[in-house]
Amino acid sequence: MLGSISATAALAGCATTAPVPTPIPAPVRTPPVVPVTSEPQSIITPDPELEARYASVVDGGHVIPAVPYRKLDPKFYRQRVPDPTGEAPGTVVVDTASRFLYVVERGGTAMRYGVGIGRDGFAWQGEGIIHWRQHWPRWKPPGDMIARKPELAKYSVANGGMDPGIKNPLGARALYIFQNGKDTLYRLHGSPEWRSIGKAASSGCVRLINQDVIDLYERIPYHARIVVHQSPLQSKAISA
């Protein structure tokens, strides 16, 4: 459709061992639309909805710090927008060039998230299935990464990887993408590095703010279809 799987080595930076499947999430209420503004961040009045959305939260026994959302470009806030993808409801669409991830909804809208794209996130495009999902995954850097950074050897597969936690590079959730029954090594995952949202990162695949990846995890259907675009997404929205 849009491309083929890149060589396994190209995506090794965000590879982990196969996780265990998690239960089908229950439906959750979607938050209201957050208007996009071009006002300088220093003069934006605190918004109670955003304060609550990006507040500190305890999840799985881990304390996720609050995100200073006013330091982010408002277009990267989690928000409902007119669907620009033309895809079926329930589809996840990643626009790597624009640093957006969409979950298509019924009625012509989509929930949009700002993302950071690691170098491995630029190495694959196409269509697949979110086959595995995991709460607070362990991070197990591959051998080639350890060869470049020997200090990571303590987190190797042989040593059991890095414990789940707020400093873990995969964050609060990890979503694993398969194509034709095979692991693409392409991941959607949380990150403690909120400053990287909207930017090109040095490692990883597609990262979201931890509060957003938790919301994404609960919102997508089981075995959701995913489409990844490396060129800017041209709007295919149909008027409701």
# chains A, B, ... in the order shown; residues from 1 in each chain; ligands from 1
>>> select_by_dssp(residues="region 60-111 of chain A", states="strand (DSSP E)", output="ChimeraX atom specification")
/A:62-64,79-82,92-95,100-104,109-111
>>> residues_around(residues="region 51-56 of chain A", least_positions_apart="4", cutoff="6 Å", atoms="only C-alpha atoms", output="MDAnalysis selection string")
chainID A and resid 47 64:67
>>> select_by_dssp(residues="region 24-162 of chain A", states="helix (DSSP H, G or I)", output="PyMOL selection string")
chain A and resi 41-43+48-53+69-71+74-76+119-122+143-148+150-155
>>> write_last_selection(atoms="N, CA, C and O atoms", output="tab-separated table (two decimals), in the first residue's frame")
chain	number	residue	atom	x	y	z
A	41	GLN	N	3.09	31.62	24.44
A	41	GLN	CA	2.83	30.77	25.59
A	41	GLN	C	2.81	31.55	26.90
A	41	GLN	O	2.09	31.18	27.82
A	42	SER	N	3.56	32.62	26.98
A	42	SER	CA	3.66	33.35	28.23
A	42	SER	C	2.38	34.05	28.61
A	42	SER	O	2.19	34.42	29.77
A	43	ILE	N	1.44	34.26	27.66
A	43	ILE	CA	0.23	34.99	27.99
A	43	ILE	C	-1.02	34.11	27.93
A	43	ILE	O	-2.12	34.61	28.05
A	48	PRO	N	-8.36	25.06	32.84
A	48	PRO	CA	-8.65	23.97	33.79
A	48	PRO	C	-8.67	22.60	33.12
A	48	PRO	O	-8.21	21.61	33.70
A	49	GLU	N	-9.20	22.53	31.89
A	49	GLU	CA	-9.26	21.25	31.19
A	49	GLU	C	-7.86	20.73	30.88
A	49	GLU	O	-7.55	19.55	31.09
A	50	LEU	N	-6.99	21.61	30.41
A	50	LEU	CA	-5.62	21.20	30.11
A	50	LEU	C	-4.84	20.91	31.38
A	50	LEU	O	-4.01	19.99	31.41
A	51	GLU	N	-5.09	21.69	32.41
A	51	GLU	CA	-4.42	21.44	33.68
A	51	GLU	C	-4.73	20.03	34.16
A	51	GLU	O	-3.84	19.31	34.64
A	52	ALA	N	-6.00	19.63	34.04
A	52	ALA	CA	-6.40	18.29	34.47
A	52	ALA	C	-5.84	17.22	33.53
A	52	ALA	O	-5.40	16.15	33.97
A	53	ARG	N	-5.84	17.51	32.24
A	53	ARG	CA	-5.41	16.52	31.25
A	53	ARG	C	-3.94	16.16	31.40
A	53	ARG	O	-3.53	15.01	31.22
A	69	TYR	N	2.36	22.03	30.04
A	69	TYR	CA	1.81	22.08	28.69
A	69	TYR	C	1.96	23.45	28.03
A	69	TYR	O	2.01	23.56	26.80
A	70	ARG	N	2.06	24.51	28.84
A	70	ARG	CA	2.19	25.85	28.24
A	70	ARG	C	3.54	26.05	27.57
A	70	ARG	O	3.73	27.03	26.84
A	71	LYS	N	4.47	25.12	27.79
A	71	LYS	CA	5.76	25.19	27.10
A	71	LYS	C	5.74	24.44	25.77
A	71	LYS	O	6.73	24.46	25.04
A	74	PRO	N	0.71	24.72	21.18
A	74	PRO	CA	-0.66	24.24	21.40
A	74	PRO	C	-1.17	23.26	20.36
A	74	PRO	O	-2.06	22.46	20.65
A	75	LYS	N	-0.63	23.28	19.14
A	75	LYS	CA	-1.12	22.34	18.13
A	75	LYS	C	-0.79	20.90	18.49
A	75	LYS	O	-1.40	19.97	17.95
A	76	PHE	N	0.16	20.70	19.41
A	76	PHE	CA	0.52	19.35	19.81
A	76	PHE	C	-0.23	18.87	21.05
A	76	PHE	O	0.01	17.76	21.53
A	119	ARG	N	14.66	8.34	15.07
A	119	ARG	CA	15.22	7.97	13.76
A	119	ARG	C	14.60	6.68	13.24
A	119	ARG	O	14.42	6.51	12.03
A	120	ASP	N	14.24	5.74	14.14
A	120	ASP	CA	13.61	4.51	13.69
A	120	ASP	C	12.18	4.75	13.23
A	120	ASP	O	11.63	3.97	12.46
A	121	GLY	N	11.58	5.84	13.69
A	121	GLY	CA	10.24	6.19	13.26
A	121	GLY	C	10.20	6.65	11.82
A	121	GLY	O	9.13	6.68	11.20
A	122	PHE	N	11.35	7.03	11.25
A	122	PHE	CA	11.41	7.44	9.85
A	122	PHE	C	11.76	6.27	8.93
A	122	PHE	O	11.90	6.46	7.72
A	143	GLY	N	21.66	-5.47	20.68
A	143	GLY	CA	23.12	-5.58	20.74
A	143	GLY	C	23.86	-4.46	20.05
A	143	GLY	O	24.90	-4.00	20.54
A	144	ASP	N	23.35	-4.00	18.88
A	144	ASP	CA	24.08	-2.95	18.17
A	144	ASP	C	24.07	-1.63	18.94
A	144	ASP	O	25.03	-0.86	18.90
A	145	MET	N	22.98	-1.37	19.68
A	145	MET	CA	22.94	-0.16	20.50
A	145	MET	C	23.92	-0.28	21.67
A	145	MET	O	24.61	0.69	22.01
A	146	ILE	N	23.98	-1.47	22.26
A	146	ILE	CA	24.91	-1.68	23.38
A	146	ILE	C	26.35	-1.56	22.89
A	146	ILE	O	27.22	-1.05	23.62
A	147	ALA	N	26.60	-1.99	21.65
A	147	ALA	CA	27.95	-1.86	21.10
A	147	ALA	C	28.36	-0.39	21.00
A	147	ALA	O	29.52	-0.05	21.21
A	148	ARG	N	27.39	0.47	20.69
A	148	ARG	CA	27.68	1.91	20.60
A	148	ARG	C	27.75	2.55	21.97
A	148	ARG	O	28.51	3.51	22.17
A	150	PRO	N	28.26	1.04	25.55
A	150	PRO	CA	28.49	-0.10	26.45
A	150	PRO	C	27.84	0.05	27.83
A	150	PRO	O	27.55	-0.95	28.50
A	151	GLU	N	27.59	1.28	28.25
A	151	GLU	CA	26.97	1.49	29.56
A	151	GLU	C	25.54	0.93	29.62
A	151	GLU	O	24.97	0.77	30.71
A	152	LEU	N	24.96	0.61	28.44
A	152	LEU	CA	23.62	0.06	28.41
A	152	LEU	C	23.60	-1.46	28.58
A	152	LEU	O	22.52	-2.06	28.63
A	153	ALA	N	24.76	-2.08	28.69
A	153	ALA	CA	24.84	-3.54	28.79
A	153	ALA	C	24.04	-4.07	29.98
A	153	ALA	O	23.50	-5.18	29.93
A	154	LYS	N	23.94	-3.29	31.03
A	154	LYS	CA	23.20	-3.75	32.21
A	154	LYS	C	21.71	-3.91	31.92
A	154	LYS	O	20.98	-4.55	32.70
A	155	TYR	N	21.23	-3.32	30.78
A	155	TYR	CA	19.83	-3.45	30.41
A	155	TYR	C	19.61	-4.44	29.26
A	155	TYR	O	18.54	-4.45	28.65
>>> residues_around(residues="Arg106 (chain A)", least_positions_apart="3", cutoff="10 Å", atoms="only C-alpha atoms", output="list in words")
Asp83, Ala88, Pro89, Gly90, Thr109, Ala110 and Ala240 of chain A
>>> residues_around(residues="Glu193 (chain A)", least_positions_apart="4", cutoff="9 Å", atoms="only C-alpha atoms", output="MDAnalysis selection string")
chainID A and resid 169 197 207:210
>>> closest_residue(among="A:His131, A:Arg99, A:His62, A:Arg80", to="Asn180 (chain A)", atoms="only C-alpha atoms")
A:His131
>>> closest_residue(among="A:Val228, A:Val92, A:Val57, A:Ala174", to="Trp139 (chain A)", atoms="only C-alpha atoms")
A:Ala174
>>> decode(residues="region 152-167 of chain A", atoms="all heavy atoms", output="PDB file, in the first residue's frame")
ATOM      1  N   LEU A 152      24.964   0.613  28.442  1.00  0.00           N
ATOM      2  CA  LEU A 152      23.616   0.055  28.414  1.00  0.00           C
ATOM      3  C   LEU A 152      23.595  -1.459  28.575  1.00  0.00           C
ATOM      4  O   LEU A 152      22.515  -2.059  28.626  1.00  0.00           O
ATOM      5  CB  LEU A 152      22.924   0.427  27.094  1.00  0.00           C
ATOM      6  CG  LEU A 152      22.686   1.924  26.838  1.00  0.00           C
ATOM      7  CD1 LEU A 152      22.019   2.120  25.488  1.00  0.00           C
ATOM      8  CD2 LEU A 152      21.851   2.543  27.948  1.00  0.00           C
ATOM      9  N   ALA A 153      24.764  -2.078  28.694  1.00  0.00           N
ATOM     10  CA  ALA A 153      24.836  -3.538  28.792  1.00  0.00           C
ATOM     11  C   ALA A 153      24.039  -4.072  29.981  1.00  0.00           C
ATOM     12  O   ALA A 153      23.496  -5.185  29.926  1.00  0.00           O
ATOM     13  CB  ALA A 153      26.290  -3.983  28.889  1.00  0.00           C
ATOM     14  N   LYS A 154      23.941  -3.286  31.026  1.00  0.00           N
ATOM     15  CA  LYS A 154      23.198  -3.750  32.207  1.00  0.00           C
ATOM     16  C   LYS A 154      21.709  -3.906  31.919  1.00  0.00           C
ATOM     17  O   LYS A 154      20.981  -4.553  32.700  1.00  0.00           O
ATOM     18  CB  LYS A 154      23.406  -2.786  33.362  1.00  0.00           C
ATOM     19  CG  LYS A 154      22.941  -1.355  33.096  1.00  0.00           C
ATOM     20  CD  LYS A 154      23.278  -0.446  34.281  1.00  0.00           C
ATOM     21  CE  LYS A 154      22.890   1.009  34.009  1.00  0.00           C
ATOM     22  NZ  LYS A 154      23.239   1.892  35.141  1.00  0.00           N
ATOM     23  N   TYR A 155      21.229  -3.325  30.780  1.00  0.00           N
ATOM     24  CA  TYR A 155      19.828  -3.450  30.415  1.00  0.00           C
ATOM     25  C   TYR A 155      19.607  -4.436  29.263  1.00  0.00           C
ATOM     26  O   TYR A 155      18.539  -4.451  28.649  1.00  0.00           O
ATOM     27  CB  TYR A 155      19.260  -2.086  30.013  1.00  0.00           C
ATOM     28  CG  TYR A 155      19.386  -1.023  31.075  1.00  0.00           C
ATOM     29  CD1 TYR A 155      19.945   0.215  30.777  1.00  0.00           C
ATOM     30  CD2 TYR A 155      18.955  -1.254  32.379  1.00  0.00           C
ATOM     31  CE1 TYR A 155      20.064   1.194  31.750  1.00  0.00           C
ATOM     32  CE2 TYR A 155      19.078  -0.286  33.361  1.00  0.00           C
ATOM     33  CZ  TYR A 155      19.637   0.942  33.038  1.00  0.00           C
ATOM     34  OH  TYR A 155      19.756   1.908  34.009  1.00  0.00           O
ATOM     35  N   SER A 156      20.597  -5.237  28.956  1.00  0.00           N
ATOM     36  CA  SER A 156      20.510  -6.172  27.829  1.00  0.00           C
ATOM     37  C   SER A 156      19.418  -7.215  28.056  1.00  0.00           C
ATOM     38  O   SER A 156      18.901  -7.383  29.173  1.00  0.00           O
ATOM     39  CB  SER A 156      21.845  -6.877  27.635  1.00  0.00           C
ATOM     40  OG  SER A 156      22.106  -7.754  28.726  1.00  0.00           O
ATOM     41  N   VAL A 157      19.091  -7.931  26.981  1.00  0.00           N
ATOM     42  CA  VAL A 157      18.119  -9.015  27.090  1.00  0.00           C
ATOM     43  C   VAL A 157      18.593 -10.036  28.114  1.00  0.00           C
ATOM     44  O   VAL A 157      17.814 -10.528  28.945  1.00  0.00           O
ATOM     45  CB  VAL A 157      17.918  -9.682  25.712  1.00  0.00           C
ATOM     46  CG1 VAL A 157      17.055 -10.929  25.852  1.00  0.00           C
ATOM     47  CG2 VAL A 157      17.291  -8.701  24.730  1.00  0.00           C
ATOM     48  N   ALA A 158      19.880 -10.348  28.083  1.00  0.00           N
ATOM     49  CA  ALA A 158      20.437 -11.332  29.010  1.00  0.00           C
ATOM     50  C   ALA A 158      20.284 -10.905  30.466  1.00  0.00           C
ATOM     51  O   ALA A 158      20.135 -11.746  31.362  1.00  0.00           O
ATOM     52  CB  ALA A 158      21.908 -11.583  28.688  1.00  0.00           C
ATOM     53  N   ASN A 159      20.308  -9.583  30.695  1.00  0.00           N
ATOM     54  CA  ASN A 159      20.203  -9.067  32.057  1.00  0.00           C
ATOM     55  C   ASN A 159      18.770  -8.684  32.439  1.00  0.00           C
ATOM     56  O   ASN A 159      18.544  -8.117  33.503  1.00  0.00           O
ATOM     57  CB  ASN A 159      21.130  -7.867  32.239  1.00  0.00           C
ATOM     58  CG  ASN A 159      22.592  -8.264  32.260  1.00  0.00           C
ATOM     59  OD1 ASN A 159      22.935  -9.347  32.730  1.00  0.00           O
ATOM     60  ND2 ASN A 159      23.459  -7.404  31.739  1.00  0.00           N
ATOM     61  N   GLY A 160      17.841  -8.971  31.545  1.00  0.00           N
ATOM     62  CA  GLY A 160      16.435  -8.748  31.878  1.00  0.00           C
ATOM     63  C   GLY A 160      15.878  -7.391  31.536  1.00  0.00           C
ATOM     64  O   GLY A 160      14.702  -7.124  31.771  1.00  0.00           O
ATOM     65  N   GLY A 161      16.712  -6.499  30.966  1.00  0.00           N
ATOM     66  CA  GLY A 161      16.222  -5.196  30.557  1.00  0.00           C
ATOM     67  C   GLY A 161      16.063  -4.202  31.690  1.00  0.00           C
ATOM     68  O   GLY A 161      16.317  -4.502  32.858  1.00  0.00           O
ATOM     69  N   MET A 162      15.649  -3.003  31.338  1.00  0.00           N
ATOM     70  CA  MET A 162      15.405  -1.943  32.324  1.00  0.00           C
ATOM     71  C   MET A 162      14.020  -2.127  32.932  1.00  0.00           C
ATOM     72  O   MET A 162      13.038  -2.350  32.218  1.00  0.00           O
ATOM     73  CB  MET A 162      15.499  -0.554  31.666  1.00  0.00           C
ATOM     74  CG  MET A 162      15.192   0.586  32.639  1.00  0.00           C
ATOM     75  SD  MET A 162      15.147   2.225  31.837  1.00  0.00           S
ATOM     76  CE  MET A 162      16.901   2.543  31.660  1.00  0.00           C
ATOM     77  N   ASP A 163      13.952  -2.013  34.235  1.00  0.00           N
ATOM     78  CA  ASP A 163      12.665  -2.125  34.918  1.00  0.00           C
ATOM     79  C   ASP A 163      11.691  -1.067  34.411  1.00  0.00           C
ATOM     80  O   ASP A 163      12.090   0.050  34.042  1.00  0.00           O
ATOM     81  CB  ASP A 163      12.838  -1.946  36.424  1.00  0.00           C
ATOM     82  CG  ASP A 163      13.563  -3.117  37.073  1.00  0.00           C
ATOM     83  OD1 ASP A 163      13.569  -4.216  36.481  1.00  0.00           O
ATOM     84  OD2 ASP A 163      14.121  -2.922  38.170  1.00  0.00           O
ATOM     85  N   PRO A 164      10.394  -1.391  34.401  1.00  0.00           N
ATOM     86  CA  PRO A 164       9.398  -0.364  34.078  1.00  0.00           C
ATOM     87  C   PRO A 164       9.505   0.789  35.060  1.00  0.00           C
ATOM     88  O   PRO A 164       9.847   0.602  36.226  1.00  0.00           O
ATOM     89  CB  PRO A 164       8.071  -1.114  34.246  1.00  0.00           C
ATOM     90  CG  PRO A 164       8.412  -2.550  34.104  1.00  0.00           C
ATOM     91  CD  PRO A 164       9.783  -2.696  34.688  1.00  0.00           C
ATOM     92  N   GLY A 165       9.216   1.978  34.590  1.00  0.00           N
ATOM     93  CA  GLY A 165       9.285   3.129  35.471  1.00  0.00           C
ATOM     94  C   GLY A 165       9.304   4.418  34.692  1.00  0.00           C
ATOM     95  O   GLY A 165       9.345   4.431  33.461  1.00  0.00           O
ATOM     96  N   ILE A 166       9.292   5.509  35.416  1.00  0.00           N
ATOM     97  CA  ILE A 166       9.160   6.815  34.795  1.00  0.00           C
ATOM     98  C   ILE A 166      10.364   7.178  33.934  1.00  0.00           C
ATOM     99  O   ILE A 166      10.269   7.987  33.014  1.00  0.00           O
ATOM    100  CB  ILE A 166       8.897   7.892  35.870  1.00  0.00           C
ATOM    101  CG1 ILE A 166       8.361   9.173  35.231  1.00  0.00           C
ATOM    102  CG2 ILE A 166      10.124   8.139  36.711  1.00  0.00           C
ATOM    103  CD1 ILE A 166       7.071   8.980  34.477  1.00  0.00           C
ATOM    104  N   LYS A 167      11.544   6.576  34.200  1.00  0.00           N
ATOM    105  CA  LYS A 167      12.736   6.865  33.405  1.00  0.00           C
ATOM    106  C   LYS A 167      12.921   5.893  32.247  1.00  0.00           C
ATOM    107  O   LYS A 167      13.832   6.066  31.437  1.00  0.00           O
ATOM    108  CB  LYS A 167      13.969   6.846  34.301  1.00  0.00           C
ATOM    109  CG  LYS A 167      13.984   7.961  35.342  1.00  0.00           C
ATOM    110  CD  LYS A 167      15.268   7.945  36.160  1.00  0.00           C
ATOM    111  CE  LYS A 167      15.280   9.074  37.186  1.00  0.00           C
ATOM    112  NZ  LYS A 167      16.535   9.063  37.988  1.00  0.00           N
TER     113      LYS A 167
END
